[in-house]
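Here is the file protein_28.txt (compact mmCIF, C-alpha atoms).
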# COMPACT_ATOMS: atom_id res chain seq x y z
CA MET G 174 20.76 3.60 9.74
CA VAL G 175 19.14 1.28 12.28
CA LYS G 176 20.33 3.49 15.15
CA ASN G 177 18.72 6.52 13.49
CA ILE G 178 15.46 4.64 13.02
CA LEU G 179 15.45 3.61 16.67
CA ILE G 180 16.03 7.21 17.75
CA LEU G 181 13.22 8.22 15.42
CA ILE G 182 10.85 5.67 16.92
CA THR G 183 11.74 6.67 20.46
CA SER G 184 11.19 10.36 19.74
CA ILE G 185 7.86 9.72 18.08
CA ILE G 186 6.58 7.44 20.77
CA GLY G 187 7.54 10.14 23.27
CA LEU G 188 5.05 12.45 21.59
CA LEU G 189 2.18 10.02 21.99
CA SER G 190 0.06 10.14 25.09
CA ASN G 191 -1.37 6.77 26.14
CA ILE G 192 -2.58 6.61 29.72
CA TYR G 193 -3.37 2.94 29.27
CA ALA G 194 0.21 1.92 28.38
CA GLN G 195 0.51 -0.61 31.22
CA GLU G 196 -2.53 -2.45 29.90
CA ASN G 197 -0.97 -2.69 26.43
CA ILE G 198 2.45 -4.12 27.25
CA CYS G 199 3.69 -6.64 24.67
CA ASN G 200 6.20 -9.50 24.91
CA CYS G 201 8.16 -7.98 22.06
CA GLN G 202 11.40 -9.92 22.56
CA LYS G 203 9.77 -13.19 21.58
CA ASP G 204 8.02 -11.61 18.60
CA LEU G 205 11.25 -10.15 17.28
CA GLU G 206 13.04 -13.45 17.70
CA TYR G 207 10.23 -15.29 15.92
CA VAL G 208 10.26 -12.94 12.94
CA PHE G 209 14.06 -12.96 12.82
CA THR G 210 14.05 -16.78 12.63
CA HIS G 211 11.24 -17.25 10.14
CA ILE G 212 12.13 -14.46 7.77
CA GLN G 213 15.45 -16.15 7.02
CA LYS G 214 13.51 -18.94 5.29
CA THR G 215 12.10 -16.62 2.63
CA PRO G 216 13.45 -16.39 -0.96
CA SER G 217 14.03 -12.65 -0.54
CA PHE G 218 16.24 -13.11 2.52
CA LYS G 219 18.25 -15.87 0.83
CA ASP G 220 18.70 -13.69 -2.28
CA GLN G 221 19.74 -10.53 -0.44
CA PHE G 222 21.64 -11.64 2.67
CA LYS G 223 24.80 -13.65 2.15
CA GLY G 224 28.15 -13.42 3.89
CA LYS G 225 28.76 -9.96 5.32
CA GLU G 226 25.23 -8.86 4.40
CA LYS G 227 23.86 -11.55 6.70
CA ASP G 228 26.16 -10.35 9.47
CA ARG G 229 24.83 -6.81 9.03
CA PHE G 230 21.25 -8.07 9.24
CA GLU G 231 22.02 -9.87 12.49
CA LYS G 232 23.61 -6.73 13.94
CA ALA G 233 20.51 -4.75 12.97
CA TYR G 234 18.33 -7.33 14.68
CA PHE G 235 20.31 -7.24 17.92
CA SER G 236 20.30 -3.43 17.87
CA ILE G 237 16.51 -3.37 17.55
CA GLN G 238 16.13 -6.09 20.16
CA SER G 239 18.24 -4.13 22.64
CA SER G 240 15.71 -1.29 22.64
CA VAL G 241 12.89 -3.50 23.93
CA LYS G 242 11.88 -2.81 27.52
CA GLU G 243 9.47 -4.39 29.97
CA SER G 244 7.19 -1.44 29.31
CA THR G 245 7.21 -1.79 25.48
CA THR G 246 3.62 -1.44 24.28
CA VAL G 247 1.86 -3.27 21.45
CA TYR G 248 2.04 -0.11 19.35
CA HIS G 249 5.76 0.40 19.95
CA CYS G 250 6.50 -3.27 19.31
CA PHE G 251 4.77 -2.99 15.94
CA PHE G 252 7.21 -0.20 15.03
CA LEU G 253 10.18 -2.32 15.99
CA LEU G 254 8.97 -5.28 13.94
CA VAL G 255 8.40 -3.04 10.93
CA THR G 256 11.90 -1.64 11.36
CA LEU G 257 13.31 -5.16 11.14
CA LEU G 258 11.23 -5.92 8.03
CA GLU G 259 12.45 -2.74 6.34
CA SER G 260 15.91 -4.29 6.16
CA ILE G 261 14.62 -6.61 3.43
CA LYS G 262 13.46 -5.50 0.00
CA ASP G 263 10.30 -7.55 -0.25
CA ASN G 264 7.07 -5.56 -0.29
CA HIS G 265 5.00 -8.75 -0.43
CA ILE G 266 5.86 -9.48 3.22
CA TYR G 267 3.39 -7.83 5.52
CA LEU G 268 2.72 -7.54 9.22
CA ARG G 269 -0.76 -6.98 10.66
CA GLY G 270 -2.36 -6.50 14.02
CA ASN G 271 -4.18 -9.57 15.28
CA THR G 272 -7.15 -7.74 16.78
CA ASN G 273 -10.72 -8.87 16.30
CA SER G 274 -12.32 -7.66 13.08
CA PHE G 275 -15.76 -6.10 12.95
CA THR G 276 -17.97 -4.20 10.53
CA LEU G 277 -19.33 -0.68 10.19
CA LYS G 278 -22.77 -2.06 11.04
CA GLU G 279 -21.42 -3.29 14.37
CA VAL G 280 -19.69 0.05 15.02
CA ASN G 281 -23.05 1.77 14.59
CA ASP G 282 -24.63 -0.52 17.18
CA LEU G 283 -24.75 1.42 20.47
CA SER G 284 -24.23 -1.59 22.71
CA PHE G 285 -21.32 -2.91 20.65
CA ILE G 286 -19.46 0.39 20.44
CA GLU G 287 -19.88 1.09 24.16
CA ASN G 288 -18.26 -2.24 25.00
CA TYR G 289 -15.55 -1.79 22.39
CA ARG G 290 -14.58 1.64 23.67
CA LYS G 291 -14.02 0.14 27.12
CA SER G 292 -11.80 -2.59 25.70
CA ARG G 293 -8.05 -2.93 25.58
CA GLU G 294 -8.15 -3.09 21.75
CA PHE G 295 -9.64 0.41 21.54
CA ARG G 296 -6.66 1.80 23.47
CA ILE G 297 -3.86 0.11 21.49
CA ILE G 298 -3.77 3.16 19.19
CA PRO G 299 -2.29 6.08 21.18
CA GLY G 300 -3.31 9.71 21.03
CA ILE G 301 -1.81 13.17 21.41
CA SER G 302 -2.58 15.86 23.93
CA ASN G 303 -2.27 18.81 21.50
CA ASN G 304 -5.11 21.30 21.14
CA LEU G 305 -6.81 19.97 18.00
CA ASP G 306 -8.49 23.26 17.06
CA SER G 307 -5.15 25.08 17.12
CA LEU G 308 -3.53 22.26 15.19
CA GLU G 309 -6.21 22.39 12.51
CA THR G 310 -5.84 26.14 12.15
CA GLU G 311 -2.08 25.82 11.79
CA LEU G 312 -2.33 23.07 9.15
CA ALA G 313 -5.15 24.58 7.10
CA ASN G 314 -2.85 26.83 5.06
CA LYS G 315 -0.12 24.32 4.22
CA HIS G 316 0.88 24.30 0.55
CA LEU G 317 -0.18 21.49 -1.76
CA ASP G 318 3.46 20.51 -2.26
CA SER G 319 3.85 19.90 1.47
CA ILE G 320 2.93 16.56 2.99
CA GLU G 321 1.73 18.52 6.02
CA GLY G 322 -1.89 19.62 5.98
CA ILE G 323 -5.55 18.67 6.39
CA TYR G 324 -6.69 15.44 4.71
CA PHE G 325 -10.00 13.72 4.11
CA TYR G 326 -11.22 10.21 3.39
CA LYS G 327 -14.67 10.62 1.85
CA ASP G 328 -17.08 11.74 4.60
CA TYR G 329 -15.58 9.44 7.20
CA PHE G 330 -12.43 11.22 8.35
CA LYS G 331 -10.77 14.58 8.62
CA ILE G 332 -7.17 14.33 9.83
CA GLY G 333 -4.13 16.54 10.27
CA ILE G 334 -0.64 15.45 9.23
CA PHE G 335 2.27 17.35 10.76
CA GLU G 336 6.00 17.04 11.29
CA THR G 337 7.44 15.88 14.60
CA SER G 338 10.60 17.26 16.16
CA LYS G 339 12.58 14.54 14.39
CA LYS G 340 13.64 15.12 10.78
CA ASP G 341 11.59 13.28 8.16
CA SER G 342 9.03 11.99 10.65
CA LEU G 343 5.36 12.94 10.76
CA ILE G 344 2.15 11.80 12.38
CA GLY G 345 -1.46 12.06 11.30
CA VAL G 346 -4.13 12.51 13.96
CA VAL G 347 -7.89 12.30 13.75
CA LEU G 348 -9.54 15.73 13.86
CA LYS G 349 -13.11 14.63 13.13
CA THR G 350 -14.66 11.28 12.26
CA SER G 351 -18.03 9.59 11.88
CA ILE G 352 -16.44 6.19 12.65
CA GLN G 353 -17.05 5.69 16.35
CA SER G 354 -14.24 3.19 16.81
CA TRP G 355 -11.87 6.18 16.52
CA ASP G 356 -11.50 9.22 18.77
CA PRO G 357 -10.29 12.71 17.80
CA GLY G 358 -6.63 12.98 18.74
CA GLN G 359 -5.81 9.34 18.06
CA VAL G 360 -2.84 8.69 15.78
CA ILE G 361 -4.18 7.20 12.55
CA LEU G 362 -0.94 7.61 10.56
CA GLN G 363 2.74 7.40 11.42
CA LEU G 364 4.98 8.48 8.53
CA ASN G 365 8.70 8.17 7.93
CA LYS G 366 10.04 9.86 4.81
CA LYS G 367 11.97 7.51 2.52
CA ASP G 368 12.56 9.99 -0.31
CA GLN G 369 10.90 13.10 -1.73
CA SER G 370 7.59 11.36 -2.46
CA LEU G 371 7.64 8.02 -0.63
CA PHE G 372 6.68 7.45 2.99
CA GLN G 373 6.81 4.34 5.15
CA ILE G 374 3.46 4.44 6.92
CA ILE G 375 2.01 2.65 9.91
CA THR G 376 -1.72 2.99 10.25
CA GLY G 377 -4.89 1.24 11.41
CA LYS G 378 -7.82 -0.06 9.44
CA PHE G 379 -10.71 2.36 9.23
CA ILE G 380 -13.20 0.17 11.11
CA ASP G 381 -11.47 -2.23 13.51
CA LYS G 382 -8.20 -0.21 13.72
CA SER G 383 -6.02 -3.29 13.17
CA LEU G 384 -2.43 -2.12 12.61
CA PHE G 385 -0.73 -2.51 9.25
CA HIS G 386 2.13 -0.91 7.33
CA LEU G 387 2.91 0.04 3.75
CA VAL G 388 4.92 2.47 1.65
CA ASP G 389 2.75 5.14 0.04
CA TYR G 390 3.33 7.72 -2.67
CA TYR G 391 2.50 11.39 -2.06
CA THR G 392 1.75 13.66 -4.98
CA ASN G 393 -0.53 16.66 -5.60
CA GLY G 394 -2.12 16.54 -2.17
CA LYS G 395 -2.83 12.80 -2.18
CA LEU G 396 -1.50 9.64 -0.59
CA ILE G 397 -2.30 7.44 -3.55
CA GLN G 398 -2.63 3.96 -2.08
CA LEU G 399 -4.39 4.87 1.16
CA GLY G 400 -6.66 7.38 -0.56
CA TRP G 401 -6.12 10.35 1.78
CA THR G 402 -6.59 13.63 -0.07
CA LYS G 403 -6.39 17.32 0.72
CA ASP G 404 -9.18 18.02 -1.78
CA SER G 405 -12.27 16.06 -0.80
CA SER G 406 -14.35 17.56 -3.63
CA GLY G 407 -12.04 16.78 -6.56
CA VAL G 408 -12.21 13.86 -8.98
CA ASN G 409 -9.49 11.25 -8.50
CA TYR G 410 -8.17 11.01 -12.05
CA TYR G 411 -5.37 8.71 -10.88
CA GLN G 412 -7.96 5.98 -10.50
CA LYS G 413 -11.01 7.03 -12.51
CA GLY G 414 -11.69 4.59 -15.35
CA LEU G 415 -14.49 4.17 -17.86
CA SER G 416 -16.06 1.17 -16.20
CA GLU G 417 -16.91 -0.13 -12.73
CA LYS G 418 -16.44 -3.69 -13.99
CA THR G 419 -13.29 -5.67 -13.26
CA PHE G 420 -12.94 -6.49 -16.98
CA ASP G 421 -14.34 -4.49 -19.87
CA LEU G 422 -13.79 -3.64 -23.52
CA ILE G 423 -15.21 -0.36 -24.82
CA ALA G 424 -14.96 1.29 -28.25
CA LEU G 425 -13.91 4.94 -27.77
CA ASN G 426 -13.96 5.91 -31.43
CA SER G 427 -13.36 4.38 -34.85
CA ASN G 428 -9.67 3.72 -34.24
CA THR G 429 -9.31 3.30 -30.44
CA GLN G 430 -10.59 0.74 -27.95
CA TYR G 431 -10.35 0.72 -24.16
CA LEU G 432 -9.49 -2.55 -22.38
CA LYS G 433 -9.81 -2.66 -18.60
CA LEU G 434 -7.93 -5.42 -16.81
CA GLY G 435 -8.73 -4.71 -13.18
CA SER G 436 -7.41 -7.84 -11.48
CA PHE G 437 -5.30 -10.92 -12.16
CA ASN G 438 -6.59 -12.75 -9.09
CA SER G 439 -6.35 -16.40 -10.09
CA PHE G 440 -8.88 -17.91 -7.71
CA GLY G 441 -12.65 -18.22 -7.33
CA THR G 442 -15.09 -15.98 -9.13
CA ASN G 443 -12.40 -13.67 -10.55
CA LEU G 444 -10.73 -16.55 -12.40
CA LYS G 445 -14.07 -17.62 -13.85
CA GLU G 446 -14.94 -14.03 -14.82
CA ALA G 447 -11.51 -13.53 -16.44
CA ASP G 448 -11.83 -16.73 -18.49
CA GLU G 449 -15.30 -15.80 -19.69
CA PHE G 450 -14.22 -12.26 -20.56
CA TYR G 451 -11.20 -13.50 -22.48
CA ASP G 452 -13.33 -15.90 -24.52
CA GLN G 453 -15.74 -13.06 -25.24
CA ILE G 454 -13.21 -10.48 -26.48
CA ARG G 455 -10.30 -12.41 -27.95
CA ASP G 456 -11.57 -11.82 -31.50
CA GLN G 457 -12.82 -8.28 -30.83
CA LEU G 458 -9.54 -6.32 -30.66
CA THR G 459 -10.10 -4.68 -34.01
CA SER G 460 -8.92 -1.08 -33.59
CA SER G 461 -5.51 0.28 -34.52
CA ASN G 462 -4.99 1.66 -30.98
CA MET G 463 -5.66 -0.01 -27.63
CA ILE G 464 -5.70 1.68 -24.22
CA VAL G 465 -5.02 -1.00 -21.59
CA ASP G 466 -6.03 0.19 -18.12
CA LEU G 467 -4.03 -1.47 -15.31
CA ARG G 468 -4.73 1.16 -12.66
CA GLY G 469 -5.75 -0.42 -9.38
CA ASN G 470 -4.75 -3.90 -10.54
CA THR G 471 -2.99 -5.26 -7.45
CA GLY G 472 -1.94 -8.45 -9.19
CA GLY G 473 -2.74 -12.13 -8.95
CA GLY G 474 -1.15 -14.79 -11.11
CA ASP G 475 -0.24 -15.94 -14.59
CA ARG G 476 -3.30 -18.19 -14.74
CA VAL G 477 -5.18 -15.00 -15.58
CA SER G 478 -2.56 -12.60 -16.95
CA ALA G 479 -0.74 -14.97 -19.33
CA LYS G 480 -3.66 -15.34 -21.73
CA PHE G 481 -4.12 -11.57 -21.95
CA PHE G 482 -0.40 -11.08 -22.52
CA LYS G 483 -0.42 -13.51 -25.45
CA LEU G 484 -3.47 -11.76 -26.89
CA LEU G 485 -1.89 -8.31 -26.62
CA LYS G 486 1.47 -9.55 -27.90
CA LYS G 487 -0.23 -10.72 -31.06
CA TYR G 488 -2.18 -7.46 -31.29
CA SER G 489 0.97 -5.31 -30.88
CA ALA G 490 2.60 -6.79 -33.97
CA THR G 491 0.50 -4.49 -36.19
CA ASN G 492 -1.17 -2.08 -33.74
CA LYS G 493 -0.29 0.32 -30.92
CA ILE G 494 -0.86 -0.24 -27.20
CA TYR G 495 -1.08 2.51 -24.56
CA ILE G 496 -0.88 1.16 -21.01
CA LEU G 497 -2.25 3.19 -18.09
CA ILE G 498 -0.37 2.51 -14.84
CA ASN G 499 -0.36 4.09 -11.39
CA TYR G 500 0.91 3.47 -7.87
CA THR G 501 -1.79 0.87 -7.25
CA THR G 502 -0.57 -1.23 -10.19
CA MET G 503 1.19 -4.00 -8.29
CA SER G 504 2.73 -7.46 -8.24
CA ASN G 505 1.69 -9.65 -11.21
CA ALA G 506 0.25 -6.57 -12.91
CA GLU G 507 3.72 -5.01 -12.73
CA GLN G 508 5.28 -8.16 -14.15
CA PHE G 509 2.67 -8.01 -16.91
CA THR G 510 3.66 -4.39 -17.58
CA VAL G 511 7.38 -5.23 -17.79
CA LYS G 512 6.70 -7.95 -20.36
CA LEU G 513 4.42 -5.71 -22.41
CA LYS G 514 6.84 -2.79 -22.47
CA LYS G 515 9.45 -4.99 -24.17
CA LEU G 516 7.16 -5.34 -27.19
CA ASP G 517 7.09 -3.03 -30.18
CA HIS G 518 4.41 -0.34 -30.38
CA VAL G 519 3.85 -0.14 -26.61
CA LEU G 520 3.82 3.09 -24.58
CA LEU G 521 3.39 3.43 -20.80
CA LEU G 522 1.41 6.39 -19.46
CA GLY G 523 0.45 7.63 -16.00
CA MET G 524 2.64 7.45 -12.90
CA ARG G 525 5.14 4.99 -11.43
CA THR G 526 3.90 1.62 -10.26
CA ASN G 527 4.10 0.32 -6.69
CA GLY G 528 7.32 -1.70 -6.71
CA THR G 529 5.81 -4.82 -5.13
CA ILE G 530 6.98 -7.19 -7.84
CA SER G 531 9.98 -9.41 -7.11
CA TYR G 532 8.54 -12.06 -4.81
CA GLY G 533 5.11 -13.38 -3.95
CA ARG G 534 2.97 -15.92 -2.13
CA ASN G 535 1.81 -19.24 -3.45
CA LYS G 536 0.59 -20.63 -0.12
CA PRO G 537 -1.56 -19.05 2.63
CA ASN G 538 1.37 -18.94 5.03
CA THR G 539 0.10 -16.50 7.65
CA LEU G 540 1.82 -16.94 11.02
CA VAL G 541 0.64 -15.63 14.40
CA LEU G 542 3.49 -14.25 16.50
CA PRO G 543 4.11 -15.55 20.07
CA SER G 544 2.49 -12.53 21.76
CA LYS G 545 -0.71 -13.20 19.75
CA GLU G 546 -0.79 -9.45 19.07
CA PHE G 547 0.40 -9.67 15.44
CA LYS G 548 0.36 -11.91 12.39
CA ILE G 549 2.80 -11.96 9.52
CA ARG G 550 2.50 -13.25 5.97
CA LEU G 551 5.79 -14.33 4.44
CA THR G 552 6.71 -14.98 0.82
CA ASP G 553 7.54 -18.26 -0.90
CA LEU G 554 7.78 -17.29 -4.59
CA ASP G 555 11.00 -16.04 -6.13
CA ASN G 556 10.60 -13.56 -8.99
CA SER G 557 13.93 -11.87 -8.32
CA LYS G 558 14.51 -11.35 -12.05
CA TYR G 559 12.34 -8.25 -11.51
CA MET G 560 14.48 -7.03 -8.59
CA LYS G 561 15.46 -3.80 -10.34
CA TYR G 562 11.85 -2.67 -9.91
CA GLU G 563 11.35 -3.70 -6.26
CA GLU G 564 10.51 -0.63 -4.15
CA VAL G 565 11.27 1.51 -7.23
CA GLY G 566 8.39 0.65 -9.53
CA ILE G 567 8.10 1.00 -13.29
CA LYS G 568 8.21 4.53 -14.63
CA PRO G 569 5.87 5.60 -17.43
CA ASP G 570 7.17 6.84 -20.76
CA ILE G 571 4.81 9.80 -20.38
CA GLU G 572 3.61 11.15 -17.03
CA LEU G 573 0.00 12.30 -17.15
CA GLU G 574 -1.43 15.43 -15.55
CA HIS G 575 -3.27 14.89 -12.29
CA HIS G 576 -6.13 17.32 -12.90
CA VAL G 577 -7.31 16.05 -16.32
CA ASP G 578 -8.97 12.72 -17.12
CA TRP G 579 -6.25 10.21 -18.00
CA ILE G 580 -8.21 8.52 -20.75
CA ASP G 581 -8.92 11.88 -22.41
CA GLN G 582 -5.20 12.72 -22.15
CA THR G 583 -4.29 9.37 -23.70
CA VAL G 584 -6.69 9.86 -26.60
CA GLN G 585 -5.12 13.27 -27.26
CA ILE G 586 -1.66 11.67 -27.28
CA ILE G 587 -2.87 9.00 -29.71
CA ASN G 588 -4.24 11.67 -32.04
CA LYS G 589 -0.90 13.48 -32.07
CA ILE G 590 1.20 10.42 -32.91
Could you write out this file's structure as structure tokens?
Amino acid sequence: MVKNILILITSIIGLLSNIYAQENICNCQKDLEYVFTHIQKTPSFKDQFKGKEKDRFEKAYFSIQSSVKESTTVYHCFFLLVTLLESIKDNHIYLRGNTNSFTLKEVNDLSFIENYRKSREFRIIPGISNNLDSLETELANKHLDSIEGIYFYKDYFKIGIFETSKKDSLIGVVLKTSIQSWDPGQVILQLNKKDQSLFQIITGKFIDKSLFHLVDYYTNGKLIQLGWTKDSSGVNYYQKGLSEKTFDLIALNSNTQYLKLGSFNSFGTNLKEADEFYDQIRDQLTSSNMIVDLRGNTGGGDRVSAKFFKLLKKYSATNKIYILINYTTMSNAEQFTVKLKKLDHVLLLGMRTNGTISYGRNKPNTLVLPSKEFKIRLTDLDNSKYMKYEEVGIKPDIELEHHVDWIDQTVQIINKI
């Protein structure tokens, strides 16, 4: 497995043209060793790697380490570090580039962008030498079922995703962009197919291009978490709710209410807002049906979610709950979903959740790697009782159609039951 991944990485990197490679060499050996040492302190490693499993992890590490060369670039090193992290089922662990952050306002400043485009950081992301017009023409007619094709992110980007010569590997390159920190031809996405719909992706932030990785879900012409879509004019019903507020309660009709729980962040203003909202609505759940919208809720903690769970548990004793979930329902929101689905009169609707559920972070334990090129955030919370859902997610009882408003679909389902 590791050998195949290394071959994959080598073949992909061979496609990427970067005339500034010498300037972007990274001391990758020390970074790999650092991650290898520190990751063994995490609850996920201790849960998953014992005895022979630990031996296999060490062999994987030495195999990855052996591929490092004096000429290994920052970009290539990031791939190798991600490969090591993929050995562990813990989606809460993440690796990021350690480049300087800046804003869209700064990008639009002529003096700033001229200096940035001369910098080493601008050139960390490689590019391809393909004819972009020909590439766009070739990709324009790809079927919706194919991950290959032309994608948009609002009015900011137009990119092309296409297969490489290696099976199950693809790259996405910028075709056009209004963000001047990117150039046409630069590789904005690197994709490795995990299964029919899931892709391990390495990408850069839209403004400062800082590298990061995640697993995203492709369906109906969309990468759900990143927001890339083949149809820039369509409504995103996977995410579209009734309210822009983080928390809201709306009466839909005489027998159905809509409850939006958009975040379980347990710090700062969100905690205060959640407490105030709870106090406001705890006596107002009066309908016989409740649609609970957890789409886009990336989690938080029980300081927020526990009170809403108790409220809905009491409500479910005599009434029905319909929970909307999608691939951006994550972490504590997934734990919340698991607990709710064990209750009577609860139905899950939508699409599978993210599968970032079994561990977590209680402390701000971000570590900068020896090369100073990357930073990693490790986990310290053990929620391994949810391990069956890690990387798999929670499946809905009823999958909803992508081209029709999900709340309208849910109301129709309620009326039929």
Excluding G:Ser383 and any residue of its chain fewer than 5 positions from it, enumerate the residues within 12 Å of it, using only C-alpha atoms, and give them as a list in words.
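The contact residues come out as Val247, Tyr248, Phe251, Leu268, Arg269, Gly270, Asn271, Thr272, Asn273, Ser274, Phe275, Glu294, Phe295, Arg296, Ile297, Ile298, Ser354, Trp355, Ile361, Ile375, Thr376, Gly377, Lys378, Glu546, Phe547 and Lys548 of chain G.
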Answer as a PyMOL selection string, residues within 10 Å of (-3.3, -12.5, -19.9) using only C-alpha atoms
chain G and resi 434+437+447-448+451+474-486+506+509
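Here atom CA of G:Ser239 and atom CA of G:Ser544 stand 17.9 Å from one another.
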Which is closer to G:Phe450 than all the others in G:Gln238, G:Thr210, G:Asn505, G:Thr419, using only C-alpha atoms?
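Of G:Gln238, G:Thr210, G:Asn505, G:Thr419, the one nearest G:Phe450, counting only C-alpha atoms, is G:Thr419.
Take atom CA of G:Val360 and atom CA of G:Gly345: the distance between them is 5.8 Å.
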Return as lines of an AutoDock Vina configuration file the box centre and box size in Å, one decimal, for an axis-aligned box around all listed atoms of stretch 422-441 of chain G padded by 5 Å per side.
center_x = -10.3
center_y = -6.2
center_z = -21.1
size_x = 19.9
size_y = 34.1
size_z = 37.5
Quick one: everything within 8 Å of G:Asn365, counting only C-alpha atoms, minus sequence neighbours fewer than 2 positions away in the same chain. Send it as JSON, numbers by chain.
{"G": [341, 342, 343, 363, 367, 372, 373, 374]}
Which of these, G:Asp578, G:Glu259, G:Asp228, G:Glu311, has the shortest distance to G:His386 once you count all atoms listed in the file?
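The answer is G:Glu259, which sits nearest to G:His386.
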Using only C-alpha atoms, which protein or nucleic acid residues come within 9 Å of stretch 308-310 of chain G? Drop anything in the same chain fewer than 5 positions from it, and give the result as a count of residues only.
7
Using all atoms listed in the file, which of the listed residues (G:Trp401, G:Tyr500, G:Tyr391, G:Tyr234) sits closest to G:Gly566?
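Looking at the shortest contact to G:Gly566, the residue is G:Tyr500.
From atom CA of G:Ile567 back to atom CA of G:Lys219, the distance works out to 24.2 Å.
Distance check against G:Lys413 using only C-alpha atoms: of G:Ile237, G:Ile494, G:Val519, G:Val577, the minimum falls on G:Val577.
If you count only C-alpha atoms and ignore residues fewer than 6 places along the chain from G:Pro357, what sits within 9 Å of it is G:Gly300, G:Leu305, G:Ile332, G:Val346, G:Val347, G:Leu348, G:Lys349, G:Thr350.
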Closest of G:Pro543, G:Pro569, G:Gly400, G:Gly469 to G:Tyr495, counting only C-alpha atoms, is G:Pro569
Give the answer as one residue: which of G:Asp517, G:Asp220, G:Glu507, G:Asp389 has the shortest atom-to-atom distance to G:Ala490, using all atoms listed in the file?
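That would be G:Asp517, the residue with the smallest distance to G:Ala490.
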Using the incomplete input, complete stretch 366-378 of chain G to the level of N, CA and C atoms; output as a PDB file, in the frame of the given file.
ATOM      1  N   LYS G 366       9.695   9.509   6.184  1.00  0.00           N
ATOM      2  CA  LYS G 366      10.040   9.860   4.810  1.00  0.00           C
ATOM      3  C   LYS G 366      11.187   9.008   4.294  1.00  0.00           C
ATOM      4  N   LYS G 367      10.942   8.325   3.152  1.00  0.00           N
ATOM      5  CA  LYS G 367      11.970   7.510   2.520  1.00  0.00           C
ATOM      6  C   LYS G 367      12.708   8.290   1.438  1.00  0.00           C
ATOM      7  N   ASP G 368      11.966   9.057   0.647  1.00  0.00           N
ATOM      8  CA  ASP G 368      12.560   9.990  -0.310  1.00  0.00           C
ATOM      9  C   ASP G 368      11.565  11.130  -0.511  1.00  0.00           C
ATOM     10  N   GLN G 369      11.701  11.893  -1.565  1.00  0.00           N
ATOM     11  CA  GLN G 369      10.900  13.100  -1.730  1.00  0.00           C
ATOM     12  C   GLN G 369       9.402  12.825  -1.769  1.00  0.00           C
ATOM     13  N   SER G 370       9.013  11.659  -2.282  1.00  0.00           N
ATOM     14  CA  SER G 370       7.590  11.360  -2.460  1.00  0.00           C
ATOM     15  C   SER G 370       7.122  10.109  -1.745  1.00  0.00           C
ATOM     16  N   LEU G 371       8.019   9.288  -1.237  1.00  0.00           N
ATOM     17  CA  LEU G 371       7.640   8.020  -0.630  1.00  0.00           C
ATOM     18  C   LEU G 371       7.734   8.075   0.889  1.00  0.00           C
ATOM     19  N   PHE G 372       6.735   7.454   1.537  1.00  0.00           N
ATOM     20  CA  PHE G 372       6.680   7.450   2.990  1.00  0.00           C
ATOM     21  C   PHE G 372       6.348   6.046   3.490  1.00  0.00           C
ATOM     22  N   GLN G 373       7.162   5.548   4.429  1.00  0.00           N
ATOM     23  CA  GLN G 373       6.810   4.340   5.150  1.00  0.00           C
ATOM     24  C   GLN G 373       5.737   4.723   6.159  1.00  0.00           C
ATOM     25  N   ILE G 374       4.605   4.034   6.111  1.00  0.00           N
ATOM     26  CA  ILE G 374       3.460   4.440   6.920  1.00  0.00           C
ATOM     27  C   ILE G 374       2.973   3.275   7.772  1.00  0.00           C
ATOM     28  N   ILE G 375       2.707   3.572   9.032  1.00  0.00           N
ATOM     29  CA  ILE G 375       2.010   2.650   9.910  1.00  0.00           C
ATOM     30  C   ILE G 375       0.670   3.264  10.238  1.00  0.00           C
ATOM     31  N   THR G 376      -0.376   2.468  10.094  1.00  0.00           N
ATOM     32  CA  THR G 376      -1.720   2.990  10.250  1.00  0.00           C
ATOM     33  C   THR G 376      -2.627   1.900  10.805  1.00  0.00           C
ATOM     34  N   GLY G 377      -3.900   2.220  10.968  1.00  0.00           N
ATOM     35  CA  GLY G 377      -4.890   1.240  11.410  1.00  0.00           C
ATOM     36  C   GLY G 377      -6.043   1.209  10.446  1.00  0.00           C
ATOM     37  N   LYS G 378      -6.664   0.054  10.326  1.00  0.00           N
ATOM     38  CA  LYS G 378      -7.820  -0.060   9.440  1.00  0.00           C
ATOM     39  C   LYS G 378      -8.932   0.875   9.900  1.00  0.00           C
TER      40      LYS G 378
END
